[in-house]
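Structure file run-v4.txt (compact mmCIF, N, CA and C atoms) follows.
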```
# COMPACT_ATOMS: atom_id res chain seq x y z
N MET A 1 16.65 13.61 -30.24
CA MET A 1 16.24 14.32 -29.03
C MET A 1 15.40 13.38 -28.16
N ILE A 2 15.67 13.39 -26.88
CA ILE A 2 14.94 12.53 -25.94
C ILE A 2 13.65 13.23 -25.53
N GLU A 3 12.56 12.49 -25.67
CA GLU A 3 11.24 13.01 -25.28
C GLU A 3 11.11 12.97 -23.76
N GLN A 4 10.29 13.86 -23.24
CA GLN A 4 9.99 13.88 -21.80
C GLN A 4 8.57 13.35 -21.61
N ILE A 5 8.36 12.65 -20.50
CA ILE A 5 7.04 12.14 -20.18
C ILE A 5 6.64 12.69 -18.81
N SER A 6 5.36 12.74 -18.55
CA SER A 6 4.82 13.25 -17.29
C SER A 6 4.40 12.07 -16.42
N ILE A 7 4.89 12.05 -15.18
CA ILE A 7 4.52 11.01 -14.23
C ILE A 7 4.20 11.63 -12.88
N GLU A 8 3.65 10.82 -12.00
CA GLU A 8 3.42 11.21 -10.61
C GLU A 8 4.12 10.21 -9.71
N LEU A 9 4.59 10.69 -8.58
CA LEU A 9 5.21 9.83 -7.60
C LEU A 9 4.51 10.08 -6.27
N VAL A 10 4.15 9.02 -5.58
CA VAL A 10 3.37 9.15 -4.36
C VAL A 10 4.00 8.37 -3.22
N TYR A 11 3.99 8.98 -2.03
CA TYR A 11 4.44 8.32 -0.80
C TYR A 11 3.51 8.77 0.30
N ALA A 12 2.92 7.80 1.01
CA ALA A 12 1.93 8.15 2.03
C ALA A 12 2.39 7.69 3.41
N LEU A 13 2.26 8.58 4.35
CA LEU A 13 2.46 8.29 5.76
C LEU A 13 1.08 8.20 6.39
N PRO A 14 0.97 7.71 7.62
CA PRO A 14 -0.36 7.63 8.24
C PRO A 14 -1.07 8.97 8.32
N THR A 15 -0.33 10.06 8.42
CA THR A 15 -0.96 11.37 8.61
C THR A 15 -0.88 12.29 7.41
N GLU A 16 -0.08 11.94 6.40
CA GLU A 16 0.04 12.82 5.24
C GLU A 16 0.40 12.03 3.99
N GLN A 17 0.08 12.60 2.84
CA GLN A 17 0.42 12.00 1.56
C GLN A 17 1.20 13.01 0.75
N THR A 18 2.28 12.57 0.15
CA THR A 18 3.08 13.45 -0.70
C THR A 18 2.91 12.99 -2.14
N LEU A 19 2.53 13.92 -3.00
CA LEU A 19 2.34 13.65 -4.42
C LEU A 19 3.24 14.61 -5.19
N ILE A 20 4.13 14.05 -5.99
CA ILE A 20 5.06 14.85 -6.78
C ILE A 20 4.79 14.59 -8.25
N SER A 21 4.53 15.64 -9.00
CA SER A 21 4.39 15.53 -10.45
C SER A 21 5.71 15.96 -11.06
N LEU A 22 6.21 15.18 -12.02
CA LEU A 22 7.47 15.57 -12.64
C LEU A 22 7.56 15.11 -14.08
N LEU A 23 8.44 15.78 -14.80
CA LEU A 23 8.76 15.40 -16.17
C LEU A 23 10.09 14.68 -16.14
N ILE A 24 10.14 13.52 -16.76
CA ILE A 24 11.40 12.76 -16.83
C ILE A 24 11.62 12.30 -18.26
N ASP A 25 12.84 11.86 -18.54
CA ASP A 25 13.14 11.35 -19.87
C ASP A 25 12.40 10.04 -20.10
N GLU A 26 11.88 9.86 -21.31
CA GLU A 26 11.24 8.58 -21.62
C GLU A 26 12.31 7.50 -21.52
N ASN A 27 11.89 6.29 -21.29
CA ASN A 27 12.77 5.14 -21.07
C ASN A 27 13.49 5.19 -19.73
N SER A 28 13.08 6.09 -18.82
CA SER A 28 13.64 6.11 -17.47
C SER A 28 13.05 4.95 -16.68
N THR A 29 13.80 4.47 -15.70
CA THR A 29 13.31 3.40 -14.84
C THR A 29 12.61 4.00 -13.63
N VAL A 30 11.92 3.14 -12.90
CA VAL A 30 11.26 3.57 -11.67
C VAL A 30 12.30 4.15 -10.71
N GLU A 31 13.42 3.46 -10.58
CA GLU A 31 14.47 3.93 -9.67
C GLU A 31 15.00 5.30 -10.08
N GLN A 32 15.24 5.51 -11.37
CA GLN A 32 15.72 6.81 -11.84
C GLN A 32 14.71 7.90 -11.55
N ALA A 33 13.43 7.61 -11.74
CA ALA A 33 12.38 8.59 -11.47
C ALA A 33 12.34 8.95 -9.99
N ILE A 34 12.46 7.93 -9.13
CA ILE A 34 12.44 8.18 -7.69
C ILE A 34 13.63 9.06 -7.30
N MET A 35 14.80 8.74 -7.82
CA MET A 35 16.00 9.52 -7.49
C MET A 35 15.87 10.96 -7.99
N GLU A 36 15.34 11.11 -9.20
CA GLU A 36 15.19 12.45 -9.78
C GLU A 36 14.17 13.29 -9.02
N SER A 37 13.20 12.64 -8.39
CA SER A 37 12.16 13.38 -7.67
C SER A 37 12.67 14.04 -6.39
N GLY A 38 13.74 13.49 -5.81
CA GLY A 38 14.26 14.04 -4.56
C GLY A 38 13.51 13.59 -3.32
N ILE A 39 12.59 12.64 -3.47
CA ILE A 39 11.76 12.22 -2.34
C ILE A 39 12.57 11.51 -1.26
N CYS A 40 13.66 10.86 -1.65
CA CYS A 40 14.49 10.16 -0.66
C CYS A 40 15.21 11.14 0.27
N GLN A 41 15.47 12.35 -0.20
CA GLN A 41 16.04 13.37 0.67
C GLN A 41 14.96 13.96 1.59
N GLN A 42 13.75 14.05 1.06
CA GLN A 42 12.64 14.59 1.85
C GLN A 42 12.21 13.60 2.94
N PHE A 43 12.29 12.30 2.64
CA PHE A 43 11.91 11.26 3.60
C PHE A 43 13.06 10.26 3.71
N PRO A 44 14.02 10.52 4.61
CA PRO A 44 15.20 9.66 4.72
C PRO A 44 14.88 8.22 5.13
N GLU A 45 13.68 7.97 5.65
CA GLU A 45 13.32 6.60 6.04
C GLU A 45 13.06 5.70 4.82
N ILE A 46 12.92 6.29 3.64
CA ILE A 46 12.72 5.49 2.43
C ILE A 46 14.04 4.80 2.08
N ASP A 47 13.99 3.49 2.03
CA ASP A 47 15.14 2.68 1.65
C ASP A 47 14.68 1.78 0.52
N LEU A 48 15.16 2.04 -0.68
CA LEU A 48 14.68 1.28 -1.83
C LEU A 48 15.10 -0.18 -1.80
N ASN A 49 15.99 -0.55 -0.88
CA ASN A 49 16.32 -1.97 -0.68
C ASN A 49 15.26 -2.65 0.18
N VAL A 50 14.48 -1.85 0.92
CA VAL A 50 13.45 -2.37 1.83
C VAL A 50 12.05 -2.08 1.30
N ASN A 51 11.79 -0.82 0.98
CA ASN A 51 10.46 -0.40 0.53
C ASN A 51 10.14 -0.99 -0.84
N LYS A 52 8.95 -1.53 -0.95
CA LYS A 52 8.46 -2.03 -2.24
C LYS A 52 7.91 -0.83 -3.02
N VAL A 53 7.89 -0.96 -4.34
CA VAL A 53 7.37 0.09 -5.19
C VAL A 53 6.35 -0.51 -6.16
N GLY A 54 5.49 0.35 -6.68
CA GLY A 54 4.49 -0.12 -7.63
C GLY A 54 4.11 0.99 -8.59
N ILE A 55 3.43 0.59 -9.65
CA ILE A 55 2.85 1.54 -10.59
C ILE A 55 1.36 1.23 -10.63
N TRP A 56 0.57 2.23 -10.28
CA TRP A 56 -0.89 2.09 -10.23
C TRP A 56 -1.29 0.84 -9.43
N ASN A 57 -0.75 0.71 -8.23
CA ASN A 57 -1.13 -0.34 -7.28
C ASN A 57 -0.73 -1.74 -7.72
N LYS A 58 0.23 -1.84 -8.61
CA LYS A 58 0.76 -3.14 -9.02
C LYS A 58 2.26 -3.13 -8.76
N ALA A 59 2.72 -4.07 -7.94
CA ALA A 59 4.14 -4.12 -7.58
C ALA A 59 5.01 -4.29 -8.82
N VAL A 60 6.10 -3.53 -8.87
CA VAL A 60 7.05 -3.60 -9.97
C VAL A 60 8.47 -3.58 -9.41
N LYS A 61 9.42 -3.93 -10.26
CA LYS A 61 10.83 -3.86 -9.89
C LYS A 61 11.35 -2.46 -10.17
N LEU A 62 12.43 -2.09 -9.50
CA LEU A 62 13.01 -0.76 -9.68
C LEU A 62 13.49 -0.53 -11.12
N GLN A 63 13.79 -1.60 -11.84
CA GLN A 63 14.31 -1.48 -13.21
C GLN A 63 13.20 -1.37 -14.26
N GLN A 64 11.94 -1.42 -13.82
CA GLN A 64 10.80 -1.29 -14.74
C GLN A 64 10.84 0.09 -15.41
N THR A 65 10.59 0.12 -16.70
CA THR A 65 10.52 1.37 -17.44
C THR A 65 9.18 2.04 -17.18
N VAL A 66 9.22 3.35 -16.97
CA VAL A 66 7.97 4.08 -16.74
C VAL A 66 7.44 4.65 -18.06
N HIS A 67 6.14 4.85 -18.10
CA HIS A 67 5.47 5.37 -19.29
C HIS A 67 4.72 6.64 -18.93
N ASP A 68 4.40 7.41 -19.95
CA ASP A 68 3.68 8.66 -19.76
C ASP A 68 2.39 8.41 -18.97
N GLY A 69 2.16 9.20 -17.92
CA GLY A 69 0.95 9.09 -17.12
C GLY A 69 1.03 8.10 -15.98
N ASP A 70 2.16 7.40 -15.84
CA ASP A 70 2.29 6.43 -14.74
C ASP A 70 2.29 7.13 -13.39
N ARG A 71 1.81 6.40 -12.40
CA ARG A 71 1.83 6.87 -11.01
C ARG A 71 2.68 5.88 -10.23
N ILE A 72 3.86 6.29 -9.84
CA ILE A 72 4.78 5.44 -9.07
C ILE A 72 4.43 5.60 -7.60
N GLU A 73 4.29 4.46 -6.92
CA GLU A 73 3.94 4.47 -5.50
C GLU A 73 5.06 3.80 -4.72
N ILE A 74 5.47 4.43 -3.63
CA ILE A 74 6.46 3.84 -2.72
C ILE A 74 5.68 3.38 -1.50
N TYR A 75 5.79 2.08 -1.21
CA TYR A 75 5.02 1.49 -0.12
C TYR A 75 5.85 1.41 1.16
N ARG A 76 5.19 1.67 2.28
CA ARG A 76 5.83 1.51 3.59
C ARG A 76 5.76 0.05 3.99
N PRO A 77 6.75 -0.42 4.76
CA PRO A 77 6.68 -1.81 5.25
C PRO A 77 5.47 -1.99 6.16
N LEU A 78 4.88 -3.19 6.15
CA LEU A 78 3.76 -3.47 7.03
C LEU A 78 4.22 -3.51 8.47
N ILE A 79 3.45 -2.90 9.36
CA ILE A 79 3.77 -2.92 10.78
C ILE A 79 3.28 -4.22 11.40
N ALA A 80 2.12 -4.68 10.97
CA ALA A 80 1.53 -5.91 11.51
C ALA A 80 1.10 -6.81 10.36
N ASP A 81 1.16 -8.10 10.57
CA ASP A 81 0.71 -9.07 9.59
C ASP A 81 -0.82 -9.01 9.51
N PRO A 82 -1.39 -8.73 8.34
CA PRO A 82 -2.85 -8.61 8.22
C PRO A 82 -3.60 -9.86 8.68
N LYS A 83 -3.03 -11.04 8.46
CA LYS A 83 -3.70 -12.27 8.90
C LYS A 83 -3.80 -12.32 10.41
N GLU A 84 -2.73 -11.93 11.09
CA GLU A 84 -2.74 -11.92 12.55
C GLU A 84 -3.74 -10.91 13.10
N VAL A 85 -3.81 -9.75 12.46
CA VAL A 85 -4.76 -8.71 12.89
C VAL A 85 -6.19 -9.23 12.77
N ARG A 86 -6.53 -9.88 11.64
CA ARG A 86 -7.88 -10.43 11.46
C ARG A 86 -8.17 -11.51 12.49
N LYS A 87 -7.17 -12.35 12.77
CA LYS A 87 -7.35 -13.43 13.74
C LYS A 87 -7.65 -12.86 15.13
N ARG A 88 -6.90 -11.83 15.53
CA ARG A 88 -7.15 -11.20 16.84
C ARG A 88 -8.52 -10.54 16.90
N ARG A 89 -8.91 -9.89 15.80
CA ARG A 89 -10.22 -9.23 15.76
C ARG A 89 -11.34 -10.26 15.86
N ALA A 90 -11.19 -11.41 15.21
CA ALA A 90 -12.20 -12.47 15.28
C ALA A 90 -12.29 -13.04 16.69
N GLU A 91 -11.16 -13.26 17.34
CA GLU A 91 -11.18 -13.77 18.72
C GLU A 91 -11.89 -12.79 19.65
N LYS A 92 -11.60 -11.51 19.47
CA LYS A 92 -12.25 -10.49 20.30
C LYS A 92 -13.76 -10.49 20.08
N ALA A 93 -14.20 -10.65 18.82
CA ALA A 93 -15.64 -10.68 18.51
C ALA A 93 -16.30 -11.88 19.18
N LYS A 94 -15.62 -13.03 19.19
CA LYS A 94 -16.16 -14.22 19.85
C LYS A 94 -16.31 -13.98 21.34
N GLN A 95 -15.29 -13.39 21.96
CA GLN A 95 -15.33 -13.12 23.40
C GLN A 95 -16.43 -12.13 23.76
N GLU A 96 -16.67 -11.17 22.89
CA GLU A 96 -17.69 -10.15 23.15
C GLU A 96 -19.09 -10.61 22.74
N GLY A 97 -19.21 -11.81 22.18
CA GLY A 97 -20.52 -12.32 21.77
C GLY A 97 -21.01 -11.79 20.45
N ARG A 98 -20.15 -11.13 19.70
CA ARG A 98 -20.54 -10.62 18.38
C ARG A 98 -20.33 -11.66 17.29
N ALA A 99 -19.70 -12.79 17.64
CA ALA A 99 -19.47 -13.85 16.66
C ALA A 99 -19.78 -15.19 17.31
N ASP A 100 -20.28 -16.13 16.51
CA ASP A 100 -20.58 -17.48 16.99
C ASP A 100 -19.29 -18.16 17.43
N LYS A 101 -19.29 -18.73 18.63
CA LYS A 101 -18.08 -19.34 19.18
C LYS A 101 -17.66 -20.59 18.42
N VAL A 102 -18.59 -21.25 17.73
CA VAL A 102 -18.27 -22.48 16.98
C VAL A 102 -17.84 -22.16 15.56
N THR A 103 -18.67 -21.39 14.84
CA THR A 103 -18.40 -21.15 13.42
C THR A 103 -17.55 -19.91 13.19
N GLY A 104 -17.55 -18.98 14.13
CA GLY A 104 -16.82 -17.73 13.93
C GLY A 104 -17.62 -16.71 13.13
N GLY A 105 -18.78 -17.13 12.60
CA GLY A 105 -19.63 -16.23 11.82
C GLY A 105 -20.46 -15.34 12.71
N ARG A 106 -21.30 -14.54 12.09
CA ARG A 106 -22.18 -13.66 12.86
C ARG A 106 -23.15 -14.49 13.68
N VAL A 107 -23.52 -13.94 14.82
CA VAL A 107 -24.47 -14.60 15.69
C VAL A 107 -25.85 -14.52 15.05
N ASN A 108 -26.55 -15.66 15.00
CA ASN A 108 -27.89 -15.72 14.42
C ASN A 108 -28.88 -15.29 15.50
N PRO A 109 -29.54 -14.14 15.33
CA PRO A 109 -30.47 -13.68 16.36
C PRO A 109 -31.67 -14.60 16.52
N LEU A 110 -32.02 -15.36 15.49
CA LEU A 110 -33.17 -16.26 15.56
C LEU A 110 -32.84 -17.51 16.36
N ARG A 111 -31.59 -17.90 16.44
CA ARG A 111 -31.20 -19.10 17.15
C ARG A 111 -31.56 -18.98 18.64
N GLY A 112 -31.27 -17.84 19.24
CA GLY A 112 -31.58 -17.64 20.66
C GLY A 112 -33.08 -17.54 20.91
N ALA A 113 -33.82 -16.95 19.97
CA ALA A 113 -35.26 -16.78 20.12
C ALA A 113 -35.99 -18.13 20.02
N ALA A 114 -35.53 -19.03 19.19
CA ALA A 114 -36.18 -20.32 19.02
C ALA A 114 -36.04 -21.20 20.27
N SER A 115 -34.93 -21.10 20.95
CA SER A 115 -34.72 -21.94 22.12
C SER A 115 -35.50 -21.43 23.34
N LYS A 116 -35.95 -20.18 23.31
CA LYS A 116 -36.68 -19.62 24.44
C LYS A 116 -38.16 -19.99 24.40
N GLU A 117 -38.64 -20.43 23.24
CA GLU A 117 -40.08 -20.73 23.11
C GLU A 117 -40.46 -22.00 23.78
```
Go through the file and emit its structure as structure tokens.
Amino acid sequence: MIEQISIELVYALPTEQTLISLLIDENSTVEQAIMESGICQQFPEIDLNVNKVGIWNKAVKLQQTVHDGDRIEIYRPLIADPKEVRKRRAEKAKQEGRADKVTGGRVNPLRGAASKE
């Protein structure tokens, strides 16, 4: 007899999070669990050829076997490159005077006070 295990499957949009708890056969793969959950019908934008998946915030392959208590996460593709976003935010801080124009670090409030004396 095949044992059943309890898992959770999660998919988050910017405005909502969907959490599905389900019982599946032990030795099921991540892909089988996702298909059995029906989440791909609920969210047609999920494409397992594009979307990365993970278990407890660690990226895994679709063929990974799931274990009792696992939380499968389906990740959305990144809209913006995080490095580019940080670079733009740093440039804006420099322009607004919130960051040192040379080092990029925080402005030293004592530096301006010493030169005024």
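Between Ile20 (chain A) and the residues A:Ala33, A:Asp70, A:Glu8, A:Glu91, the shortest atom-to-atom distance, using only N, CA and C atoms, involves A:Glu8.
If you look at atom N of Ile24 (chain A) and atom C of Glu3 (chain A), they are 7.1 Å away from each other.
Proximity to Ser6 (chain A) was assessed for A:Ile46, A:Val66, A:Ile34, A:Leu19 counting only C-alpha atoms; the smallest distance is recorded for A:Val66.
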*Could you write out, as a PyMOL selection string, all the residues of region 29-114 of chain A that DSSP marks as alpha helix (DSSP H)?*
chain A and resi 30-37+39-42+82-95+109-114
Restricted to N, CA and C atoms, what would the selected residues look like written as a short mmCIF file (atom, residue, chain, number, x, y, z; two decimals), keeping the file's coordinate frame?
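File part.cif, as written:
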```cif
data_model
loop_
_atom_site.label_atom_id
_atom_site.label_comp_id
_atom_site.auth_asym_id
_atom_site.auth_seq_id
_atom_site.Cartn_x
_atom_site.Cartn_y
_atom_site.Cartn_z
N VAL A 30 11.92 3.14 -12.90
CA VAL A 30 11.26 3.57 -11.67
C VAL A 30 12.30 4.15 -10.71
N GLU A 31 13.42 3.46 -10.58
CA GLU A 31 14.47 3.93 -9.67
C GLU A 31 15.00 5.30 -10.08
N GLN A 32 15.24 5.51 -11.37
CA GLN A 32 15.72 6.81 -11.84
C GLN A 32 14.71 7.90 -11.55
N ALA A 33 13.43 7.61 -11.74
CA ALA A 33 12.38 8.59 -11.47
C ALA A 33 12.34 8.95 -9.99
N ILE A 34 12.46 7.93 -9.13
CA ILE A 34 12.44 8.18 -7.69
C ILE A 34 13.63 9.06 -7.30
N MET A 35 14.80 8.74 -7.82
CA MET A 35 16.00 9.52 -7.49
C MET A 35 15.87 10.96 -7.99
N GLU A 36 15.34 11.11 -9.20
CA GLU A 36 15.19 12.45 -9.78
C GLU A 36 14.17 13.29 -9.02
N SER A 37 13.20 12.64 -8.39
CA SER A 37 12.16 13.38 -7.67
C SER A 37 12.67 14.04 -6.39
N ILE A 39 12.59 12.64 -3.47
CA ILE A 39 11.76 12.22 -2.34
C ILE A 39 12.57 11.51 -1.26
N CYS A 40 13.66 10.86 -1.65
CA CYS A 40 14.49 10.16 -0.66
C CYS A 40 15.21 11.14 0.27
N GLN A 41 15.47 12.35 -0.20
CA GLN A 41 16.04 13.37 0.67
C GLN A 41 14.96 13.96 1.59
N GLN A 42 13.75 14.05 1.06
CA GLN A 42 12.64 14.59 1.85
C GLN A 42 12.21 13.60 2.94
N PRO A 82 -1.39 -8.73 8.34
CA PRO A 82 -2.85 -8.61 8.22
C PRO A 82 -3.60 -9.86 8.68
N LYS A 83 -3.03 -11.04 8.46
CA LYS A 83 -3.70 -12.27 8.90
C LYS A 83 -3.80 -12.32 10.41
N GLU A 84 -2.73 -11.93 11.09
CA GLU A 84 -2.74 -11.92 12.55
C GLU A 84 -3.74 -10.91 13.10
N VAL A 85 -3.81 -9.75 12.46
CA VAL A 85 -4.76 -8.71 12.89
C VAL A 85 -6.19 -9.23 12.77
N ARG A 86 -6.53 -9.88 11.64
CA ARG A 86 -7.88 -10.43 11.46
C ARG A 86 -8.17 -11.51 12.49
N LYS A 87 -7.17 -12.35 12.77
CA LYS A 87 -7.35 -13.43 13.74
C LYS A 87 -7.65 -12.86 15.13
N ARG A 88 -6.90 -11.83 15.53
CA ARG A 88 -7.15 -11.20 16.84
C ARG A 88 -8.52 -10.54 16.90
N ARG A 89 -8.91 -9.89 15.80
CA ARG A 89 -10.22 -9.23 15.76
C ARG A 89 -11.34 -10.26 15.86
N ALA A 90 -11.19 -11.41 15.21
CA ALA A 90 -12.20 -12.47 15.28
C ALA A 90 -12.29 -13.04 16.69
N GLU A 91 -11.16 -13.26 17.34
CA GLU A 91 -11.18 -13.77 18.72
C GLU A 91 -11.89 -12.79 19.65
N LYS A 92 -11.60 -11.51 19.47
CA LYS A 92 -12.25 -10.49 20.30
C LYS A 92 -13.76 -10.49 20.08
N ALA A 93 -14.20 -10.65 18.82
CA ALA A 93 -15.64 -10.68 18.51
C ALA A 93 -16.30 -11.88 19.18
N LYS A 94 -15.62 -13.03 19.19
CA LYS A 94 -16.16 -14.22 19.85
C LYS A 94 -16.31 -13.98 21.34
N GLN A 95 -15.29 -13.39 21.96
CA GLN A 95 -15.33 -13.12 23.40
C GLN A 95 -16.43 -12.13 23.76
N PRO A 109 -29.54 -14.14 15.33
CA PRO A 109 -30.47 -13.68 16.36
C PRO A 109 -31.67 -14.60 16.52
N LEU A 110 -32.02 -15.36 15.49
CA LEU A 110 -33.17 -16.26 15.56
C LEU A 110 -32.84 -17.51 16.36
N ARG A 111 -31.59 -17.90 16.44
CA ARG A 111 -31.20 -19.10 17.15
C ARG A 111 -31.56 -18.98 18.64
N GLY A 112 -31.27 -17.84 19.24
CA GLY A 112 -31.58 -17.64 20.66
C GLY A 112 -33.08 -17.54 20.91
N ALA A 113 -33.82 -16.95 19.97
CA ALA A 113 -35.26 -16.78 20.12
C ALA A 113 -35.99 -18.13 20.02
N ALA A 114 -35.53 -19.03 19.19
CA ALA A 114 -36.18 -20.32 19.02
C ALA A 114 -36.04 -21.20 20.27
#
```
Using only N, CA and C atoms, which residues sit within 6.5 Å of Asp25 (chain A) once same-chain residues fewer than 4 positions away are excluded, as a short mmCIF file (atom, residue, chain, number, x, y, z; two decimals) with N, CA and C atoms, keeping the file's coordinate frame?
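Saved to around-v5.cif:
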```
data_model
loop_
_atom_site.label_atom_id
_atom_site.label_comp_id
_atom_site.auth_asym_id
_atom_site.auth_seq_id
_atom_site.Cartn_x
_atom_site.Cartn_y
_atom_site.Cartn_z
N ILE A 2 15.67 13.39 -26.88
CA ILE A 2 14.94 12.53 -25.94
C ILE A 2 13.65 13.23 -25.53
N GLU A 3 12.56 12.49 -25.67
CA GLU A 3 11.24 13.01 -25.28
C GLU A 3 11.11 12.97 -23.76
N GLN A 4 10.29 13.86 -23.24
CA GLN A 4 9.99 13.88 -21.80
C GLN A 4 8.57 13.35 -21.61
N ILE A 5 8.36 12.65 -20.50
CA ILE A 5 7.04 12.14 -20.18
C ILE A 5 6.64 12.69 -18.81
#
```
*Where in chain A does DSSP assign strand (DSSP E or B), given as a count of residues only?*
32
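The protein and nucleic acid residues lying at most 7 Å from Ile55 (chain A) are Lys58, Ala59, Val60, Asp70, Arg71, Ile72 and Glu73 of chain A, with only N, CA and C atoms considered and sequence neighbours fewer than 3 positions away removed.
You will find atom N of Asn57 (chain A) at 25.2 Å from atom C of Arg86 (chain A).
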*So how many Å separate CA of Ile39 (chain A) and atom N of Asp81 (chain A), to one decimal?*
26.3 Å
